[in-house]
Each structure stands twice: as C-alpha cells, then as structure tokens.
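For reference, input19.cif (mmCIF, C-alpha atoms and all ligand atoms):
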data_run
loop_
_atom_site.label_atom_id
_atom_site.label_comp_id
_atom_site.auth_asym_id
_atom_site.auth_seq_id
_atom_site.Cartn_x
_atom_site.Cartn_y
_atom_site.Cartn_z
CA MET A 436 23.90 7.96 6.74
CA GLY A 437 20.22 7.08 6.49
CA PHE A 438 18.71 4.10 8.27
CA LEU A 439 18.03 2.33 4.96
CA SER A 440 21.47 2.77 3.42
CA GLY A 441 22.56 -0.38 1.62
CA LYS A 442 18.92 -1.56 1.26
CA ARG A 443 17.28 -2.33 -2.06
CA ALA A 444 13.53 -1.78 -2.33
CA ILE A 445 10.95 -2.38 -5.03
CA ILE A 446 7.84 -0.21 -4.82
CA ALA A 447 4.57 -1.18 -6.50
CA GLY A 448 1.63 1.23 -6.61
CA ILE A 449 2.90 4.66 -7.64
CA ALA A 450 0.35 6.35 -9.91
CA SER A 451 1.10 10.00 -9.12
CA ASN A 452 2.95 12.22 -6.70
CA ARG A 453 -0.09 11.97 -4.41
CA SER A 454 0.11 8.16 -4.17
CA ILE A 455 0.85 6.71 -0.75
CA ALA A 456 3.62 4.76 -2.51
CA TYR A 457 5.15 8.11 -3.55
CA GLY A 458 5.34 9.16 0.11
CA ILE A 459 6.98 5.82 0.85
CA ALA A 460 9.50 6.28 -1.98
CA GLN A 461 10.37 9.76 -0.67
CA ALA A 462 11.06 8.50 2.85
CA MET A 463 12.98 5.43 1.70
CA HIS A 464 15.07 7.50 -0.73
CA ARG A 465 15.84 10.05 1.97
CA GLU A 466 17.01 7.24 4.26
CA GLY A 467 19.42 5.96 1.64
CA ALA A 468 17.61 3.01 0.02
CA GLU A 469 18.12 2.15 -3.64
CA LEU A 470 14.73 2.02 -5.36
CA ALA A 471 13.07 0.12 -8.19
CA PHE A 472 9.50 0.78 -9.34
CA THR A 473 6.68 -1.11 -11.02
CA TYR A 474 3.89 0.02 -13.33
CA PRO A 475 0.74 -1.94 -14.17
CA ASN A 476 0.56 -1.37 -17.94
CA GLU A 477 2.03 0.56 -20.90
CA ARG A 478 -0.33 3.47 -20.23
CA MET A 479 1.33 4.13 -16.85
CA LYS A 480 4.93 3.48 -17.93
CA ASP A 481 6.02 7.06 -18.76
CA ARG A 482 4.58 8.47 -15.55
CA VAL A 483 6.36 5.92 -13.40
CA GLU A 484 9.58 6.35 -15.37
CA LYS A 485 9.53 10.10 -14.64
CA ILE A 486 8.90 9.53 -10.95
CA ALA A 487 11.66 6.89 -10.80
CA LYS A 488 14.07 9.49 -12.20
CA GLU A 489 13.17 11.87 -9.35
CA PHE A 490 14.50 9.20 -7.03
CA GLY A 491 17.64 8.54 -9.06
CA SER A 492 16.33 5.21 -10.36
CA ASP A 493 16.13 3.81 -13.88
CA ILE A 494 14.75 0.45 -12.79
CA ILE A 495 11.12 0.31 -13.84
CA LEU A 496 9.40 -3.00 -14.42
CA GLU A 497 5.94 -4.00 -15.58
CA CYS A 498 3.92 -5.69 -12.84
CA GLU A 499 0.20 -6.23 -13.45
CA ALA A 500 -1.17 -7.50 -10.14
CA GLY A 501 -3.75 -9.72 -11.84
CA SER A 502 -1.20 -11.72 -13.83
CA ASP A 503 1.21 -14.33 -12.43
CA GLU A 504 3.22 -14.12 -15.64
CA SER A 505 3.66 -10.36 -15.27
CA ILE A 506 4.58 -10.64 -11.57
CA ASN A 507 7.06 -13.47 -12.18
CA THR A 508 8.71 -11.69 -15.12
CA CYS A 509 9.02 -8.56 -12.99
CA PHE A 510 11.03 -10.31 -10.26
CA THR A 511 13.02 -12.47 -12.67
CA ASP A 512 14.07 -9.30 -14.51
CA LEU A 513 14.83 -7.51 -11.25
CA GLY A 514 17.16 -10.42 -10.39
CA LYS A 515 19.16 -9.66 -13.55
CA THR A 516 19.99 -6.18 -12.20
CA TRP A 517 20.07 -6.83 -8.44
CA ASP A 518 21.60 -9.91 -6.83
CA GLY A 519 19.29 -9.55 -3.83
CA LEU A 520 16.26 -7.65 -2.55
CA ASP A 521 15.55 -6.29 0.94
CA ILE A 522 12.18 -4.55 0.72
CA VAL A 523 8.94 -5.09 -1.19
CA VAL A 524 6.21 -2.45 -0.96
CA HIS A 525 2.74 -3.46 -2.18
CA SER A 526 0.55 -0.35 -2.40
CA ILE A 527 -2.13 -1.70 -4.73
CA GLY A 528 -5.87 -1.86 -4.33
CA PHE A 529 -8.69 -2.09 -6.81
CA ALA A 530 -12.36 -2.95 -7.13
CA PRO A 531 -14.65 -2.08 -10.05
CA LYS A 532 -16.08 1.38 -9.33
CA GLU A 533 -19.73 0.14 -9.23
CA GLU A 534 -18.83 -2.07 -6.25
CA LEU A 535 -17.96 0.94 -4.11
CA GLU A 536 -21.35 2.53 -3.65
CA GLY A 537 -24.62 1.90 -1.88
CA SER A 538 -25.84 -1.40 -0.52
CA ILE A 539 -23.14 -4.09 -0.32
CA VAL A 540 -25.78 -6.80 -0.44
CA ASP A 541 -27.57 -5.39 -3.47
CA ASN A 542 -24.54 -4.16 -5.42
CA THR A 543 -21.73 -6.68 -4.92
CA THR A 544 -21.29 -9.15 -7.75
CA ARG A 545 -19.33 -12.43 -7.86
CA GLU A 546 -17.06 -10.99 -10.55
CA GLY A 547 -16.50 -7.70 -8.72
CA SER A 548 -15.68 -9.57 -5.54
CA GLN A 549 -13.22 -11.81 -7.34
CA ILE A 550 -11.46 -8.85 -8.92
CA ALA A 551 -11.27 -6.95 -5.61
CA HIS A 552 -9.80 -9.95 -3.77
CA ASP A 553 -7.46 -10.92 -6.60
CA ILE A 554 -5.93 -7.46 -7.16
CA SER A 555 -6.08 -6.16 -3.57
CA ALA A 556 -5.29 -9.26 -1.47
CA TYR A 557 -3.98 -12.26 -3.42
CA SER A 558 -1.49 -10.15 -5.38
CA PHE A 559 0.48 -9.44 -2.18
CA LEU A 560 1.02 -13.17 -1.68
CA ALA A 561 1.83 -13.62 -5.37
CA MET A 562 4.48 -10.91 -5.13
CA ALA A 563 5.92 -12.52 -1.98
CA LYS A 564 6.13 -15.85 -3.82
CA ALA A 565 8.03 -14.27 -6.69
CA ALA A 566 10.27 -12.10 -4.47
CA LYS A 567 11.24 -14.84 -1.98
CA PRO A 568 14.25 -16.25 -3.87
CA LEU A 569 15.81 -12.77 -4.08
CA MET A 570 15.10 -12.00 -0.41
CA LYS A 571 16.39 -15.18 1.22
CA GLY A 572 19.68 -14.74 3.05
CA ARG A 573 19.52 -10.93 3.17
CA GLU A 574 19.72 -9.03 6.45
CA ASN A 575 16.22 -8.27 7.82
CA PRO A 576 14.30 -8.43 4.55
CA SER A 577 10.67 -7.33 4.75
CA LEU A 578 7.40 -7.10 2.88
CA LEU A 579 4.90 -4.30 3.42
CA THR A 580 1.34 -3.69 2.28
CA LEU A 581 -1.29 -1.00 2.81
CA SER A 582 -4.70 -1.50 4.35
CA TYR A 583 -7.63 0.54 5.59
CA LEU A 584 -9.95 0.49 8.61
CA GLY A 585 -12.66 -1.05 6.43
CA ALA A 586 -10.86 -4.38 7.00
CA VAL A 587 -12.07 -4.51 10.59
CA ALA A 588 -15.05 -2.14 10.78
CA SER A 589 -17.90 -1.30 8.40
CA ILE A 590 -17.55 1.93 6.45
CA PRO A 591 -20.25 3.26 4.08
CA ASN A 592 -19.51 2.39 0.42
CA TYR A 593 -16.16 0.68 1.07
CA ASN A 594 -18.12 -2.56 0.74
CA VAL A 595 -16.31 -5.44 -0.97
CA MET A 596 -12.99 -3.60 -0.60
CA GLY A 597 -13.42 -4.08 3.17
CA MET A 598 -13.72 -7.83 2.63
CA ALA A 599 -10.61 -7.78 0.42
CA LYS A 600 -8.64 -5.78 3.01
CA ALA A 601 -9.69 -8.27 5.73
CA SER A 602 -8.26 -11.01 3.51
CA LEU A 603 -5.11 -8.96 2.92
CA GLU A 604 -4.58 -8.48 6.67
CA ALA A 605 -5.13 -12.19 7.39
CA GLY A 606 -2.61 -12.89 4.64
CA VAL A 607 -0.08 -10.68 6.44
CA ARG A 608 -0.33 -12.92 9.53
CA PHE A 609 -0.13 -16.21 7.62
CA MET A 610 2.73 -14.98 5.42
CA ALA A 611 4.62 -13.71 8.49
CA ALA A 612 4.31 -17.15 10.11
CA ASP A 613 5.42 -18.87 6.92
CA LEU A 614 8.34 -16.59 6.02
CA GLY A 615 9.56 -15.84 9.55
CA PRO A 616 11.84 -18.90 9.67
CA ASP A 617 13.58 -17.51 6.55
CA GLY A 618 14.06 -14.21 8.38
CA ILE A 619 11.57 -12.40 6.16
CA ARG A 620 9.21 -10.01 8.00
CA VAL A 621 5.71 -9.17 6.76
CA ASN A 622 3.89 -6.06 7.95
CA CYS A 623 1.02 -3.77 7.04
CA ILE A 624 0.15 -0.12 7.52
CA SER A 625 -3.51 0.75 7.96
CA ALA A 626 -3.63 4.38 6.85
CA GLY A 627 -6.26 7.02 7.48
CA PRO A 628 -8.11 8.44 4.44
CA ILE A 629 -5.89 10.44 2.07
CA ARG A 630 -6.85 12.24 -1.14
CA THR A 631 -5.10 10.11 -3.79
CA LEU A 632 -6.21 8.96 -7.27
CA ALA A 633 -7.86 5.93 -5.63
CA ALA A 634 -9.92 8.30 -3.51
CA MET A 635 -10.97 10.53 -6.43
CA GLY A 636 -14.55 10.14 -7.48
CA ILE A 637 -15.48 8.39 -4.23
CA LYS A 638 -18.78 10.03 -3.33
CA GLY A 639 -18.55 12.06 -0.12
CA PHE A 640 -14.79 11.68 0.31
CA ARG A 641 -14.49 15.33 1.35
CA SER A 642 -16.97 14.83 4.19
CA MET A 643 -15.16 11.61 5.21
CA LEU A 644 -11.93 13.59 5.56
CA ASP A 645 -13.79 16.17 7.68
CA GLN A 646 -15.43 13.54 9.91
CA PHE A 647 -12.07 11.88 10.35
CA SER A 648 -10.23 15.06 11.33
CA ASN A 649 -12.99 15.99 13.77
CA ALA A 650 -12.93 12.64 15.56
CA ALA A 651 -9.26 11.55 15.41
CA PRO A 652 -7.25 12.20 18.59
CA LEU A 653 -4.78 14.30 16.54
CA ARG A 654 -7.72 16.32 15.12
CA ARG A 655 -6.35 16.33 11.59
CA ASN A 656 -5.87 14.10 8.58
CA VAL A 657 -2.68 12.13 7.94
CA THR A 658 -0.30 12.65 5.01
CA ILE A 659 1.58 10.42 2.59
CA GLU A 660 4.78 11.71 4.21
CA GLU A 661 3.66 10.33 7.57
CA VAL A 662 2.73 6.97 6.08
CA GLY A 663 6.07 7.03 4.22
CA ASN A 664 8.05 7.53 7.41
CA ALA A 665 6.28 4.65 9.16
CA ALA A 666 6.84 2.46 6.08
CA ALA A 667 10.56 3.29 6.02
CA PHE A 668 10.82 2.41 9.71
CA LEU A 669 8.95 -0.91 9.37
CA SER A 670 11.16 -1.86 6.42
CA SER A 671 14.39 -1.06 8.25
CA ASP A 672 16.68 -2.86 10.70
CA LEU A 673 15.16 -0.62 13.40
CA ALA A 674 12.05 -2.82 13.13
CA SER A 675 13.92 -6.16 13.09
CA GLY A 676 11.70 -7.50 15.88
CA ILE A 677 8.43 -6.55 14.22
CA THR A 678 6.47 -8.90 11.99
CA ALA A 679 2.78 -9.72 11.36
CA GLU A 680 1.97 -6.21 12.55
CA ILE A 681 -0.94 -4.08 11.37
CA MET A 682 0.31 -0.59 12.27
CA TYR A 683 -2.27 2.19 12.26
CA VAL A 684 -1.07 5.50 10.82
CA ASP A 685 -4.36 7.25 11.37
CA GLY A 686 -3.91 9.90 14.07
CA GLY A 687 -5.47 7.45 16.51
CA TYR A 688 -8.86 7.39 14.77
CA SER A 689 -9.34 3.62 15.00
CA THR A 690 -9.15 3.65 18.81
CA VAL A 691 -11.94 6.14 19.39
CA GLY A 692 -15.24 4.63 20.53
CA MET A 693 -17.10 7.93 20.59
CA SER A 694 -15.54 11.23 19.64
CA GLY A 695 -15.54 14.27 21.93
CA ILE A 696 -16.68 17.75 21.14
CA ASN A 697 -16.11 18.55 17.48
CA LYS A 698 -14.09 21.41 16.03
CA ALA A 699 -17.11 23.66 15.55
CA GLU A 700 -18.10 23.32 19.20
CA GLU A 701 -14.50 23.72 20.35
CA ALA A 702 -14.18 27.07 18.61
P1 LIG B 801 -3.25 5.34 -5.83
O1 LIG B 801 -4.34 5.37 -6.82
O2 LIG B 801 -2.25 6.41 -5.89
O3 LIG B 801 -2.53 3.93 -5.84
C1 LIG B 801 -3.18 2.74 -6.15
C2 LIG B 801 -2.25 1.97 -7.04
O4 LIG B 801 -2.78 0.67 -7.35
C3 LIG B 801 -2.01 2.68 -8.38
O5 LIG B 801 -0.64 2.93 -8.56
C4 LIG B 801 -2.51 1.68 -9.41
O6 LIG B 801 -1.75 1.69 -10.60
C5 LIG B 801 -2.33 0.39 -8.65
N1 LIG B 801 -3.10 -0.70 -9.26
C6 LIG B 801 -4.45 -0.80 -9.37
N2 LIG B 801 -4.78 -1.92 -10.05
C7 LIG B 801 -3.60 -2.53 -10.35
C8 LIG B 801 -3.26 -3.73 -11.04
N3 LIG B 801 -4.22 -4.53 -11.56
N4 LIG B 801 -1.95 -4.07 -11.16
C9 LIG B 801 -1.00 -3.28 -10.64
N5 LIG B 801 -1.25 -2.13 -9.99
C10 LIG B 801 -2.54 -1.77 -9.85
O7 LIG B 801 -3.99 5.33 -4.39
P2 LIG B 801 -3.42 5.11 -2.92
O8 LIG B 801 -4.46 5.70 -2.06
O9 LIG B 801 -2.03 5.55 -2.84
O10 LIG B 801 -3.52 3.53 -2.75
C11 LIG B 801 -2.43 2.73 -2.37
C12 LIG B 801 -2.85 1.69 -1.34
O11 LIG B 801 -3.20 2.37 -0.13
C13 LIG B 801 -4.06 0.86 -1.71
O12 LIG B 801 -3.88 -0.48 -1.27
C14 LIG B 801 -5.16 1.50 -0.91
O13 LIG B 801 -6.20 0.58 -0.66
C15 LIG B 801 -4.42 1.86 0.34
N6 LIG B 801 -5.04 2.87 1.22
C16 LIG B 801 -5.45 4.07 0.71
C17 LIG B 801 -6.03 5.00 1.55
C18 LIG B 801 -6.54 6.32 1.03
O14 LIG B 801 -7.42 6.92 1.67
N7 LIG B 801 -6.03 6.83 -0.07
C19 LIG B 801 -6.17 4.72 2.91
C20 LIG B 801 -5.71 3.49 3.41
C21 LIG B 801 -5.15 2.58 2.54
O1 LIG B 802 -8.55 1.56 -0.50
C1 LIG B 802 -8.95 2.65 -0.86
C2 LIG B 802 -9.26 2.90 -2.31
C3 LIG B 802 -9.89 1.71 -2.91
C4 LIG B 802 -10.34 1.79 -4.33
C5 LIG B 802 -10.73 2.95 -4.98
C6 LIG B 802 -11.17 2.88 -6.30
C7 LIG B 802 -11.65 4.11 -7.04
C8 LIG B 802 -11.59 3.94 -8.54
C9 LIG B 802 -10.45 0.59 -5.00
N1 LIG B 802 -10.88 0.51 -6.27
C10 LIG B 802 -11.24 1.63 -6.91
N2 LIG B 802 -11.71 1.51 -8.20
C11 LIG B 802 -11.96 2.56 -9.00
O2 LIG B 802 -12.43 2.40 -10.13
N3 LIG B 802 -9.13 3.63 0.09
C12 LIG B 802 -8.90 3.32 1.47
C13 LIG B 802 -9.65 4.98 -0.24
C14 LIG B 802 -11.11 4.92 -0.04
O3 LIG B 802 -11.91 4.41 -0.99
C15 LIG B 802 -13.21 4.42 -0.50
C16 LIG B 802 -13.21 4.96 0.79
C17 LIG B 802 -11.86 5.28 1.09
C18 LIG B 802 -11.35 5.84 2.37
C19 LIG B 802 -14.38 3.99 -1.10
C20 LIG B 802 -15.57 4.11 -0.39
C21 LIG B 802 -15.58 4.63 0.89
C22 LIG B 802 -14.41 5.07 1.49
#
Before we go any further, please render this structure as structure tokens.
Ligand code: NAD
Ligand code: 0WE
Amino acid sequence: MGFLSGKRAIIAGIASNRSIAYGIAQAMHREGAELAFTYPNERMKDRVEKIAKEFGSDIILECEAGSDESINTCFTDLGKTWDGLDIVVHSIGFAPKEELEGSIVDNTTREGSQIAHDISAYSFLAMAKAAKPLMKGRENPSLLTLSYLGAVASIPNYNVMGMAKASLEAGVRFMAADLGPDGIRVNCISAGPIRTLAAMGIKGFRSMLDQFSNAAPLRRNVTIEEVGNAAAFLSSDLASGITAEIMYVDGGYSTVGMSGINKAEEA
C-alpha cells in the first residue's frame, strides 16, 4: 500500500510529460493517490485528458489561473464528484516572454509585472481560497507550490519572475499561518532548472543546466521524478509536522557559496 492511499489530489500545471507536475502525478499515482487534473484553456484540454487517462483519471477541470470565476467553478465542480480533497498541487508560472530577457530595469513593464505576479503568485492563494471548504476536516490536508532560486537570489534573465516567486514564497508562509489552525499545511518545493516547456526558448538554458551540474554538490541536474517524490512526501501523512517549508530539490546548489573544481578540471 502506497503512502498516499486514500488521498485525493488535484494537480494544476501539466502541459506535457516533461512538466514538473507530470513527475508529481507519477509519484502520487504510484503511492496510491486518486488524481484530478486541471487545464488552462480549451487548447490544452485534449492533452491533459490523455495524460489524466494514463493515471486512471477522468476528472479534468478547466482552471485558468488568471480568472477567479474559472478557479471557483473548478473547485465547485470538483466538489460534485469528490466529497473532500486532501492535496492541491499548484505548478503554474508565467510571465510574458519579453519580460524574461536582458535588463530587468529597462525591460520590465507594469503590465508584465502584474501578469507575472497574478498568474505565478496570487493564483496559489486564489486556489487555496476555493479549495478550503473541500479540505477542512480531512486528515493532514496540504497545499503545494513550485518555486525557483530566483526568489531569493538574482539570476540573469529570470527578472520579474524572481519577484513573483519571492511573493509566492512569502504567500506560502502567510497561508501556512492562516490555514494551520484548520490543520491545512502549505509547502513549497524550490526545484533546480529542468528542461520543460516553460524552459524552452529561454536563451542560454543549456549553459545554465551545465553551470548548475558543475557547481551543485551532486554534480548533476535534478529530474521531474525527484521533484515528484519530494512532492508526494510533503503531501503525505509522513510530513504531518511540516508546514511553511521551502524545500530545495536542487542537488544542494543553493547552499554553495563558491563551487570547487569543475568537471573539466576533475577529469
Ligand atoms: P510547464 O510549462 O510544463 O508547466 C507550466 C504550467 O503552467 C503549464 O502547464 C501551463 O499550462 C501552466 N500555466 C501557465 N499559465 C497559466 C494560466 N494562466 N492558467 C493556468 N495554468 C497556466 O513547466 P514547469 O517547468 O513544469 O513549470 C511548473 C512550475 O515549476 C512553475 O511554477 C515553474 O516556475 C516551476 N519551476 C520550474 C523550473 C524549471 O526549470 N523548469 C524550476 C523551478 C521551478
Ligand atoms: O519558472 C520558470 C519558468 C518561468 C517562465 C517561463 C516562460 C517561458 C515562456 C515563465 N513565463 C514564461 N513565459 C513564456 O512565454 N523556471 C524556473 C524555468 C526558467 O525560466 C527562466 C530561467 C529558468 C531556470 C528564465 C530565465 C532565466 C532562467
């Protein structure tokens, strides 16, 4: 019996089988959770439906992170199928592409900043608001979101997304304080860079992966399977004492002040 058997989870943010949310679905499915999935718009519906089937699920619901109506309808409809909910996974991030290159001071716009914060940070709170009635009174319910090192340290080109992730991580702490008395835990995984759709077309991503694997204590990149396993743990009764946590699944990269000899020199 898996450590999530009897748990019901809704997963937002699957776009492909390379998505971090896909790795999370794999791990949660393996550990016995029942899964529901969201898609942002009609264009993505068929893809998500196919992936849901892989995990034995036919619960797919529209959830556009920028719309309260869409988010509320999603959870109201989920409540018609499930009488309770144990796990919410928010694996959504977005900024207009032009915001993610060059000088943050020159290139960030008020509108771009609003979009980045709305979709990447506020939407986690909006989903918590809508999910709360279904989660109250369950055993060890929990919310989980995904962040990146750019929340706490500057990274070339990540720019306004770093500001949005800082807001997301602060939200994790405030939401944990607020929902803790109801028994609801709120946690975050800060993942190392992974080649997903959201990483496609980011200039120099290849060299970022190389830099990362040269400097990280584990001397390699991390996978969606590894993030998935940590997510399954944090969402399980095994983590019943853990809330407001930002857990790094990054091979130790974030703790290195200066990296040692690189791979080329090691060889
Ligand atoms: P991905 O492209 O597979 O997933 C991003 C998801 O966000 C997609 O499913 C997309 O549909 C969804 N999304 C975007 N705008 C939306 C909207 N308005 N409404 C609803 N959904 C919307 O990429 P990923 O790398 O798996 O990203 C998942 C999360 O992980 C993001 O929060 C990202 O910031 C974070 N993250 C990614 C990396 C990385 O290197 N890939 C590292 C650390 C954290
Ligand atoms: O959070 C992310 C991805 C964020 C992201 C990516 C895109 C690309 C397509 C947000 N919005 C968009 N909008 C688009 O139109 N990551 C952690 C991956 C990532 O993105 C970077 C990175 C890393 C790492 C962007 C610049 C620098 C590093």
At a cut-off of 6 Å, can you tabulate as a tab-separated table every residue of chain A near ligand LIG 801 (chain B) together with its closest atom pair and the distance in Å to one decimal, using all atoms listed in the file and ordering rows by chain then number?
residue	atom	partner	partner_atom	distance
A:Gly448	CA	B:LIG801	O5	3.4
A:Ile449	CA	B:LIG801	O5	4.0
A:Ala450	CA	B:LIG801	O5	3.8
A:Ser451	CA	B:LIG801	O2	5.9
A:Ser454	CA	B:LIG801	O2	3.4
A:Ile455	CA	B:LIG801	O9	3.7
A:Ala456	CA	B:LIG801	O9	5.7
A:Pro475	CA	B:LIG801	C9	4.2
A:Cys498	CA	B:LIG801	C9	5.9
A:Glu499	CA	B:LIG801	N4	3.8
A:Ala500	CA	B:LIG801	N4	3.7
A:Gly501	CA	B:LIG801	N3	5.2
A:Ser526	CA	B:LIG801	C12	4.1
A:Ile527	CA	B:LIG801	O4	3.6
A:Gly528	CA	B:LIG801	O12	3.9
A:Phe529	CA	B:LIG801	N2	5.1
A:Ile554	CA	B:LIG801	N3	5.6
A:Leu581	CA	B:LIG801	O12	4.9
A:Ser582	CA	B:LIG801	C21	4.5
A:Tyr583	CA	B:LIG801	C20	4.1
A:Ser625	CA	B:LIG801	C20	5.7
A:Ala626	CA	B:LIG801	C20	4.1
A:Gly627	CA	B:LIG801	C19	5.1
A:Pro628	CA	B:LIG801	O14	3.2
A:Ile629	CA	B:LIG801	O14	3.9
A:Arg630	CA	B:LIG801	N7	5.6
A:Thr631	CA	B:LIG801	O8	4.8
A:Leu632	CA	B:LIG801	O1	4.1
A:Ala633	CA	B:LIG801	O1	3.8
A:Ala634	CA	B:LIG801	N7	5.4
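Between atom C6 of ligand LIG 802 (chain B) and atom CA of A:Pro531 the separation is 7.1 Å.
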Edge lengths and centre, in Å to one decimal, as JSON: that's what I need for the box along x, y and z that holds all listed atoms of ligand LIG 802 (chain B) plus 6 Å on each side.
{"center_x": -12.1, "center_y": 3.2, "center_z": -3.9, "size_x": 19.0, "size_y": 17.3, "size_z": 24.5}
Select, from A:Ile446, A:Ala651, A:Ala601, A:Ala665, the residue with the minimum atom-to-atom distance to A:Gly686, counting only C-alpha atoms.
A:Ala651
Can you work out the spacing between atom CA of A:Gly537 and atom CA of A:Ile637 in Å, to one decimal?
11.5 Å
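Compared by their closest atoms to A:Leu614, and using all atoms listed in the file, the residues A:Thr580, A:Thr678, A:Asn592, A:Asn656 rank with A:Thr678 nearest.
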Excluding A:Ala530 and any residue of its chain fewer than 3 positions from it, enumerate the residues within 8 Å of it, using only C-alpha atoms, and give them as a list in words.
Glu534, Leu535, Gly547, Ser548, Ile550, Ala551, Ile554, Ser555, Val595 and Met596 of chain A
Would you mind exporting C-alpha atoms of the selected residues as a compact mmCIF listing (two decimals), in the coordinates of the input?
# COMPACT_ATOMS: atom_id res chain seq x y z
CA GLU A 534 -18.83 -2.07 -6.25
CA LEU A 535 -17.96 0.94 -4.11
CA GLY A 547 -16.50 -7.70 -8.72
CA SER A 548 -15.68 -9.57 -5.54
CA ILE A 550 -11.46 -8.85 -8.92
CA ALA A 551 -11.27 -6.95 -5.61
CA ILE A 554 -5.93 -7.46 -7.16
CA SER A 555 -6.08 -6.16 -3.57
CA VAL A 595 -16.31 -5.44 -0.97
CA MET A 596 -12.99 -3.60 -0.60
So, counting only C-alpha atoms, which residue among A:Ala611, A:Ile486, A:Ile445, A:Met562 is closest to A:Trp517?
A:Ile445
Between A:Asp481, A:Asp685, A:Glu466, A:Glu660, smallest distance to ligand LIG 802 (chain B) by only C-alpha atoms and all ligand atoms belongs to A:Asp685
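If all atoms listed in the file are the atoms counted, then among A:Ile659, A:Leu603, A:Val621, A:Met635 the closest residue to A:Gly676 is A:Val621.
Distance check against A:Ser558 using all atoms listed in the file: of A:Glu546, A:Asp503, A:Asp521, A:Asp613, the minimum falls on A:Asp503.
Interatomic distance, atom C19 of ligand LIG 802 (chain B) to atom CA of A:Leu584: 11.2 Å.
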Saved stretch 560-567 of chain A from the preceding structure, all heavy atoms, as a short mmCIF file (atom, residue, chain, number, x, y, z; two decimals), in the first residue's frame:
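As a result, result02.cif now contains:
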data_model
loop_
_atom_site.label_atom_id
_atom_site.label_comp_id
_atom_site.auth_asym_id
_atom_site.auth_seq_id
_atom_site.Cartn_x
_atom_site.Cartn_y
_atom_site.Cartn_z
N LEU A 560 -2.85 31.52 -3.88
CA LEU A 560 -3.78 31.92 -2.81
C LEU A 560 -5.24 31.77 -3.27
O LEU A 560 -6.10 31.29 -2.53
CB LEU A 560 -3.49 33.36 -2.40
CG LEU A 560 -4.19 33.88 -1.14
CD1 LEU A 560 -3.36 34.98 -0.49
CD2 LEU A 560 -5.60 34.43 -1.45
N ALA A 561 -5.50 32.15 -4.50
CA ALA A 561 -6.87 32.05 -5.03
C ALA A 561 -7.33 30.59 -5.05
O ALA A 561 -8.49 30.28 -4.74
CB ALA A 561 -6.93 32.65 -6.44
N MET A 562 -6.41 29.70 -5.40
CA MET A 562 -6.77 28.27 -5.41
C MET A 562 -7.00 27.77 -3.98
O MET A 562 -7.91 26.97 -3.73
CB MET A 562 -5.70 27.44 -6.12
CG MET A 562 -5.78 27.59 -7.65
SD MET A 562 -4.50 26.70 -8.54
CE MET A 562 -4.92 25.02 -8.12
N ALA A 563 -6.18 28.25 -3.04
CA ALA A 563 -6.36 27.85 -1.63
C ALA A 563 -7.73 28.30 -1.13
O ALA A 563 -8.44 27.54 -0.45
CB ALA A 563 -5.26 28.47 -0.77
N LYS A 564 -8.09 29.52 -1.47
CA LYS A 564 -9.40 30.08 -1.08
C LYS A 564 -10.53 29.18 -1.57
O LYS A 564 -11.45 28.86 -0.84
CB LYS A 564 -9.50 31.47 -1.73
CG LYS A 564 -10.48 32.44 -1.10
CD LYS A 564 -10.69 33.64 -2.02
CE LYS A 564 -9.69 34.76 -1.91
NZ LYS A 564 -9.92 35.67 -0.78
N ALA A 565 -10.44 28.78 -2.83
CA ALA A 565 -11.50 27.97 -3.43
C ALA A 565 -11.49 26.53 -2.92
O ALA A 565 -12.53 25.88 -2.84
CB ALA A 565 -11.37 28.00 -4.96
N ALA A 566 -10.30 26.03 -2.58
CA ALA A 566 -10.17 24.62 -2.16
C ALA A 566 -10.52 24.42 -0.69
O ALA A 566 -10.91 23.31 -0.28
CB ALA A 566 -8.74 24.13 -2.41
N LYS A 567 -10.38 25.47 0.11
CA LYS A 567 -10.51 25.37 1.57
C LYS A 567 -11.76 24.64 2.06
O LYS A 567 -11.66 23.74 2.90
CB LYS A 567 -10.41 26.78 2.16
CG LYS A 567 -10.39 26.86 3.68
CD LYS A 567 -10.18 28.33 4.08
CE LYS A 567 -10.59 28.55 5.52
NZ LYS A 567 -10.54 29.96 5.91
#
